[in-house]
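Source file: data23.cif; contents: mmCIF, C-alpha atoms.
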```
data_entry
#
loop_
_atom_site.label_atom_id
_atom_site.label_comp_id
_atom_site.auth_asym_id
_atom_site.auth_seq_id
_atom_site.Cartn_x
_atom_site.Cartn_y
_atom_site.Cartn_z
CA MET I 27 40.69 54.82 -34.80
CA ILE I 28 39.76 51.55 -36.51
CA ILE I 29 36.06 52.13 -35.70
CA THR I 30 36.28 55.68 -37.05
CA ARG I 31 37.91 54.36 -40.20
CA ILE I 32 35.24 51.75 -40.95
CA THR I 33 32.19 53.80 -39.90
CA PRO I 34 31.75 55.49 -43.34
CA TYR I 35 31.76 52.12 -45.08
CA CYS I 36 29.32 50.60 -42.58
CA LEU I 37 26.94 53.52 -43.04
CA ALA I 38 27.21 53.25 -46.82
CA VAL I 39 26.24 49.56 -46.63
CA ILE I 40 23.33 50.35 -44.30
CA ILE I 41 22.07 53.12 -46.60
CA LEU I 42 22.39 50.79 -49.59
CA ALA I 43 20.37 48.12 -47.79
CA GLY I 44 17.72 50.68 -46.81
CA LEU I 45 17.34 52.06 -50.33
CA CYS I 46 17.10 48.54 -51.73
CA LEU I 47 14.38 47.71 -49.20
CA ILE I 48 12.47 50.78 -50.35
CA GLN I 49 12.54 49.38 -53.89
CA PHE I 50 10.94 46.12 -52.77
CA PHE I 51 8.71 47.46 -49.98
CA PRO I 52 7.64 51.02 -50.93
CA THR I 53 4.99 51.01 -48.19
CA LEU I 54 7.85 51.05 -45.64
CA LEU I 55 9.38 54.17 -47.17
CA PHE I 56 8.81 56.54 -44.25
CA PRO I 57 10.04 54.30 -41.40
CA ILE I 58 13.05 53.24 -43.45
CA ALA I 59 13.84 56.85 -44.42
CA LEU I 60 13.55 58.01 -40.79
CA SER I 61 15.79 55.17 -39.60
CA LEU I 62 18.42 55.94 -42.23
CA ALA I 63 18.39 59.66 -41.36
CA VAL I 64 18.86 58.90 -37.65
CA LEU I 65 21.68 56.42 -38.30
CA LEU I 66 23.34 58.88 -40.67
CA GLY I 67 23.16 61.59 -38.03
CA LEU I 68 24.62 59.30 -35.36
CA GLY I 69 27.40 58.20 -37.69
CA THR I 70 28.28 61.78 -38.65
CA PHE I 71 28.21 62.76 -34.98
CA PHE I 72 30.54 59.89 -34.11
CA ILE I 73 33.00 60.69 -36.91
CA ILE I 74 33.17 64.41 -36.18
CA GLY I 75 33.35 63.99 -32.42
CA ALA I 76 31.76 67.39 -31.80
CA LYS I 77 29.00 68.16 -29.35
CA LEU I 78 25.45 67.68 -30.56
CA TRP I 79 24.70 71.41 -30.35
CA SER I 80 27.97 72.32 -32.03
CA PRO I 81 27.71 74.35 -35.27
CA THR I 82 30.41 72.08 -36.68
CA PHE I 83 28.19 69.01 -36.45
CA TRP I 84 25.10 70.65 -37.91
CA ALA I 85 26.99 72.41 -40.70
CA LEU I 86 28.69 69.20 -41.82
CA PHE I 87 25.51 67.14 -41.45
CA ILE I 88 23.49 69.34 -43.82
CA THR I 89 24.89 67.93 -47.05
CA PRO I 90 24.61 64.17 -46.28
CA PHE I 91 21.16 64.72 -44.77
CA TRP I 92 19.71 66.52 -47.78
CA LEU I 93 21.47 64.11 -50.14
CA LEU I 94 19.71 61.20 -48.45
CA VAL I 95 16.31 62.92 -48.16
CA SER I 96 16.30 64.30 -51.71
CA SER I 97 17.37 60.95 -53.19
CA ILE I 98 14.61 59.09 -51.33
CA ALA I 99 12.09 61.69 -52.48
CA LEU I 100 13.33 61.22 -56.04
CA LEU I 101 12.95 57.45 -55.75
CA MET I 102 9.26 58.04 -54.98
CA ILE I 103 8.57 59.69 -58.33
CA LEU I 104 11.03 58.12 -60.78
CA GLU I 105 9.18 55.97 -63.30
CA SER I 106 12.13 54.00 -64.69
CA PRO I 107 13.15 51.00 -62.51
CA LEU I 108 16.66 51.13 -63.99
CA ILE I 109 17.19 54.77 -62.99
CA ARG I 110 15.79 54.06 -59.53
CA TRP I 111 18.38 51.33 -59.03
CA VAL I 112 21.14 53.58 -60.34
CA VAL I 113 20.18 56.22 -57.76
CA ALA I 114 19.91 53.58 -55.03
CA LEU I 115 23.45 52.41 -55.81
CA LEU I 116 24.95 55.86 -56.35
CA ILE I 117 23.80 57.55 -53.13
CA PRO I 118 25.51 55.14 -50.68
CA CYS I 119 28.75 55.60 -52.59
CA LEU I 120 28.51 59.40 -52.37
CA GLU I 121 27.52 59.29 -48.70
CA GLY I 122 30.36 56.93 -47.86
CA PHE I 123 32.86 59.04 -49.79
CA TYR I 124 31.78 62.21 -47.99
CA LEU I 125 31.88 60.57 -44.56
CA ARG I 126 35.26 59.07 -45.36
CA GLN I 127 36.52 62.56 -46.20
CA LEU I 128 35.22 63.81 -42.86
CA SER I 129 37.03 60.97 -41.12
CA VAL I 130 40.29 61.84 -42.84
CA TYR I 131 39.85 65.55 -42.13
CA PHE I 132 39.27 65.11 -38.39
CA HIS I 133 41.33 62.02 -37.56
CA PHE I 134 43.99 61.58 -40.22
CA PRO I 135 45.12 65.13 -41.11
CA GLU I 136 48.38 63.88 -42.59
CA LYS I 137 46.37 62.17 -45.38
CA TYR I 138 44.03 65.10 -46.00
CA GLN I 139 44.39 66.90 -49.32
CA THR I 140 44.00 70.68 -49.19
CA HIS I 141 40.49 71.91 -50.12
CA ALA I 142 39.26 68.34 -50.69
CA LEU I 143 36.32 68.73 -48.29
CA GLU I 144 35.38 72.13 -49.74
CA ASN I 145 35.40 70.88 -53.33
CA LEU I 146 33.51 67.71 -52.45
CA SER I 147 30.86 69.69 -50.55
CA ASN I 148 30.35 72.04 -53.49
CA ALA I 149 29.93 69.13 -55.92
CA LEU I 150 27.55 67.24 -53.64
CA ASN I 151 25.48 70.36 -52.99
CA VAL I 152 24.90 70.77 -56.73
CA ILE I 153 23.76 67.12 -56.85
CA VAL I 154 21.52 67.79 -53.86
CA ALA I 155 20.05 70.79 -55.68
CA PHE I 156 19.34 68.64 -58.74
CA PHE I 157 17.72 65.85 -56.74
CA ALA I 158 15.78 68.24 -54.52
CA PHE I 159 14.39 70.45 -57.29
CA SER I 160 13.52 67.42 -59.44
CA SER I 161 11.69 65.93 -56.46
CA LEU I 162 9.82 69.16 -55.68
CA TYR I 163 8.69 69.52 -59.28
CA GLY I 164 7.73 65.85 -59.28
CA LEU I 165 5.66 66.26 -56.12
CA LYS I 166 3.81 69.12 -57.77
CA LEU I 167 3.30 67.16 -60.98
CA PHE I 168 2.28 63.80 -59.55
CA LEU I 169 0.77 64.69 -56.17
CA GLY I 170 -0.55 68.14 -57.03
CA LEU I 171 1.18 69.89 -54.13
CA GLY I 172 0.86 73.69 -54.29
CA TRP I 173 3.47 76.41 -54.26
CA VAL I 174 2.47 77.32 -50.70
CA LEU I 175 4.11 74.10 -49.50
CA LEU I 176 6.84 73.71 -52.12
CA VAL I 177 8.33 77.22 -51.93
CA PRO I 178 9.16 77.06 -48.18
CA LEU I 179 10.79 73.68 -48.79
CA CYS I 180 12.78 75.23 -51.64
CA VAL I 181 13.91 78.11 -49.41
CA GLY I 182 14.95 75.75 -46.62
CA ILE I 183 16.98 73.54 -48.94
CA VAL I 184 18.83 76.23 -50.89
CA VAL I 185 19.63 78.35 -47.84
CA THR I 186 20.94 75.43 -45.79
CA ILE I 187 23.13 73.93 -48.52
CA ALA I 188 24.46 77.39 -49.40
CA TYR I 189 25.20 77.96 -45.71
CA GLN I 190 27.02 74.62 -45.58
CA SER I 191 29.16 75.58 -48.56
CA PHE I 192 29.98 78.97 -47.03
CA TRP I 193 30.76 77.38 -43.66
CA VAL I 194 33.05 74.68 -45.02
CA GLN I 195 34.97 77.35 -46.96
CA LYS I 196 35.41 79.30 -43.72
CA ILE I 197 33.32 82.26 -44.86
CA ALA I 198 32.17 84.16 -41.79
CA ASN I 199 28.44 84.39 -41.07
CA LYS I 200 28.53 88.19 -41.28
CA GLU I 201 30.04 88.03 -44.78
CA GLY I 202 27.68 85.35 -46.06
CA ALA I 203 24.43 86.42 -44.36
CA LEU I 204 23.43 88.98 -46.99
CA TRP I 205 24.14 86.54 -49.79
CA LEU I 206 22.15 83.81 -48.06
CA ILE I 207 19.17 86.17 -47.94
CA GLY I 208 19.63 86.92 -51.63
CA ILE I 209 19.86 83.23 -52.50
CA GLY I 210 16.80 82.54 -50.36
CA LEU I 211 14.82 85.14 -52.31
CA LEU I 212 16.11 84.72 -55.86
CA LEU I 213 16.18 80.94 -56.30
CA PRO I 214 12.59 80.33 -55.08
CA GLU I 215 11.38 82.92 -57.60
CA MET I 216 13.29 81.11 -60.35
CA PHE I 217 11.90 77.85 -58.99
CA ILE I 218 8.34 79.08 -59.58
CA VAL I 219 9.08 80.52 -63.04
CA ILE I 220 10.85 77.39 -64.31
CA GLY I 221 8.04 75.31 -62.85
CA PHE I 222 5.76 76.58 -65.64
CA LEU I 223 8.01 75.14 -68.38
CA PRO I 224 6.11 72.41 -70.30
CA THR I 225 8.72 69.74 -69.71
CA SER I 226 9.57 66.99 -67.23
CA ASN I 227 10.47 67.49 -63.58
CA ILE I 228 13.96 66.11 -64.25
CA VAL I 229 14.68 68.74 -66.90
CA SER I 230 13.35 71.54 -64.70
CA GLY I 231 15.42 70.22 -61.79
CA GLN I 232 18.54 70.20 -63.92
CA VAL I 233 17.99 73.80 -65.00
CA MET I 234 17.51 74.86 -61.37
CA ALA I 235 20.66 73.00 -60.30
CA ILE I 236 22.63 74.92 -62.94
CA CYS I 237 21.13 78.19 -61.70
CA PHE I 238 22.07 77.28 -58.13
CA TYR I 239 25.63 76.55 -59.23
CA LEU I 240 25.94 79.89 -61.03
CA ILE I 241 24.41 82.04 -58.26
CA PHE I 242 26.41 80.33 -55.54
CA THR I 243 29.65 80.64 -57.52
CA ILE I 244 29.10 84.36 -58.13
CA SER I 245 28.28 84.94 -54.46
CA ARG I 246 31.42 83.10 -53.39
CA LEU I 247 33.58 85.12 -55.76
CA ALA I 248 32.03 88.35 -54.48
CA ILE I 249 32.62 87.42 -50.85
CA ARG I 250 36.20 86.44 -51.60
CA HIS I 251 36.70 89.79 -53.37
CA ASN I 252 37.69 87.86 -56.48
CA PHE I 253 34.98 89.30 -58.70
CA ASP I 254 37.08 89.14 -61.84
CA ARG I 255 35.05 89.94 -64.96
CA ARG I 256 36.60 87.17 -67.06
CA LEU I 257 36.03 84.60 -64.32
CA VAL I 258 32.39 85.59 -63.92
CA LEU I 259 31.84 85.50 -67.69
CA ARG I 260 33.43 82.07 -67.84
CA HIS I 261 31.06 80.63 -65.23
CA ALA I 262 28.05 82.45 -66.69
CA SER I 263 28.87 81.20 -70.20
CA LEU I 264 29.24 77.64 -68.95
CA ALA I 265 25.92 77.81 -67.11
CA PHE I 266 24.18 79.38 -70.11
CA CYS I 267 25.49 76.69 -72.47
CA LEU I 268 24.40 73.93 -70.09
CA VAL I 269 20.91 75.40 -69.80
CA ILE I 270 20.59 75.74 -73.60
CA MET I 271 21.82 72.17 -74.15
CA THR I 272 19.39 70.91 -71.53
CA LEU I 273 16.41 72.71 -73.05
CA LEU I 274 17.30 71.77 -76.63
CA THR I 275 17.60 68.08 -75.80
CA ALA I 276 14.55 68.02 -73.50
CA GLN I 277 11.27 66.38 -74.41
CA TRP I 278 8.57 69.03 -74.32
CA VAL I 279 5.02 68.25 -73.33
#
```
Encoding of this model in structure tokens:
Amino acid sequence: MIITRITPYCLAVIILAGLCLIQFFPTLLFPIALSLAVLLGLGTFFIIGAKLWSPTFWALFITPFWLLVSSIALLMILESPLIRWVVALLIPCLEGFYLRQLSVYFHFPEKYQTHALENLSNALNVIVAFFAFSSLYGLKLFLGLGWVLLVPLCVGIVVTIAYQSFWVQKIANKEGALWLIGIGLLLPEMFIVIGFLPTSNIVSGQVMAICFYLIFTISRLAIRHNFDRRLVLRHASLAFCLVIMTLLTAQWV
């Protein structure tokens, strides 16, 4: 139990060390990133205690995996050293907090707060969406990657993190499958459209993250048969206001 308790903190320290090394030795980015992903997978596997082929392991590994990968991708394209260090310090904290929540959920149920894992997963998945979309737009802007490569990556990311959110909220695959298909079709189309906005990749990524939040929230309400008009309007109004504020304060090219 002691090892299970300290594993999240050990992994957070290792991830912090790896991200700091990337700052000083960018040429080692790929071996460091691969090593961190493997260690994160082993740590998650150890905390959960499920079999490697278990849906439980893979569903709960999706969020920390994409959080790590998207943050490293973002570090590749961020121009400000200060923001790079903020990201490098923030990600280990989020990873450690998530893994700690998994540890409490599986090994210390008496300390677990109801819906804590579900709410944390939803919040982290929105952050993942922001990091991932910002990175994809950055790769197109700075490396000139085409939509042929970026769109499949977009589909893979949004479908897997949406699946993770559905899974952790105990939504059956049959209930969520149709919505996953819809999310996998709608968000990539929005991804392409927003990609033509004459603004930075960070702004475009933020707009896409808001869209992901809104579409996922509506799909969850529909699946839960809680499609209340006032609730939907509340979320839609919030998302609309956030998008308008983002675009009004953005620096246009």
Separation of CA of Phe50 (chain I) from CA of Leu62 (chain I), in Å and rounded to one decimal =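 So the answer is 16.2 Å.
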Long-range neighbours of Leu101 (chain I) as a count of residues only, 9 Å cut-off, all atoms listed in the file, 3 positions minimum in chain = 14
To verify the selection step, state as a ChimeraX atom specification which residues the PyMOL selection byres ((chain I and resi 217-231) around 8) yields on this input.
-> /I:155-161,163-164,167,173,177,180,213-216,232-235,272-273,276-279
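Checking I:Ser191, I:Thr186, I:Ser80, I:Ser129 one by one against Ala149 (chain I), counting only C-alpha atoms, you find the shortest gap at I:Ser191.
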Rounded to one decimal place, report the CA of Ala85 (chain I)-CA of Ile103 (chain I) distance in Å.
->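 Interatomic distance here is 28.5 Å.
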Selection under test: the PyMOL selection byres ((chain I and resi 119-125) around 7); residues as a list in words = Pro34, Tyr35, Leu37, Ala38, Pro90, Leu115, Leu116, Ile117, Pro118, Arg126, Gln127, Leu128 and Ser129 of chain I
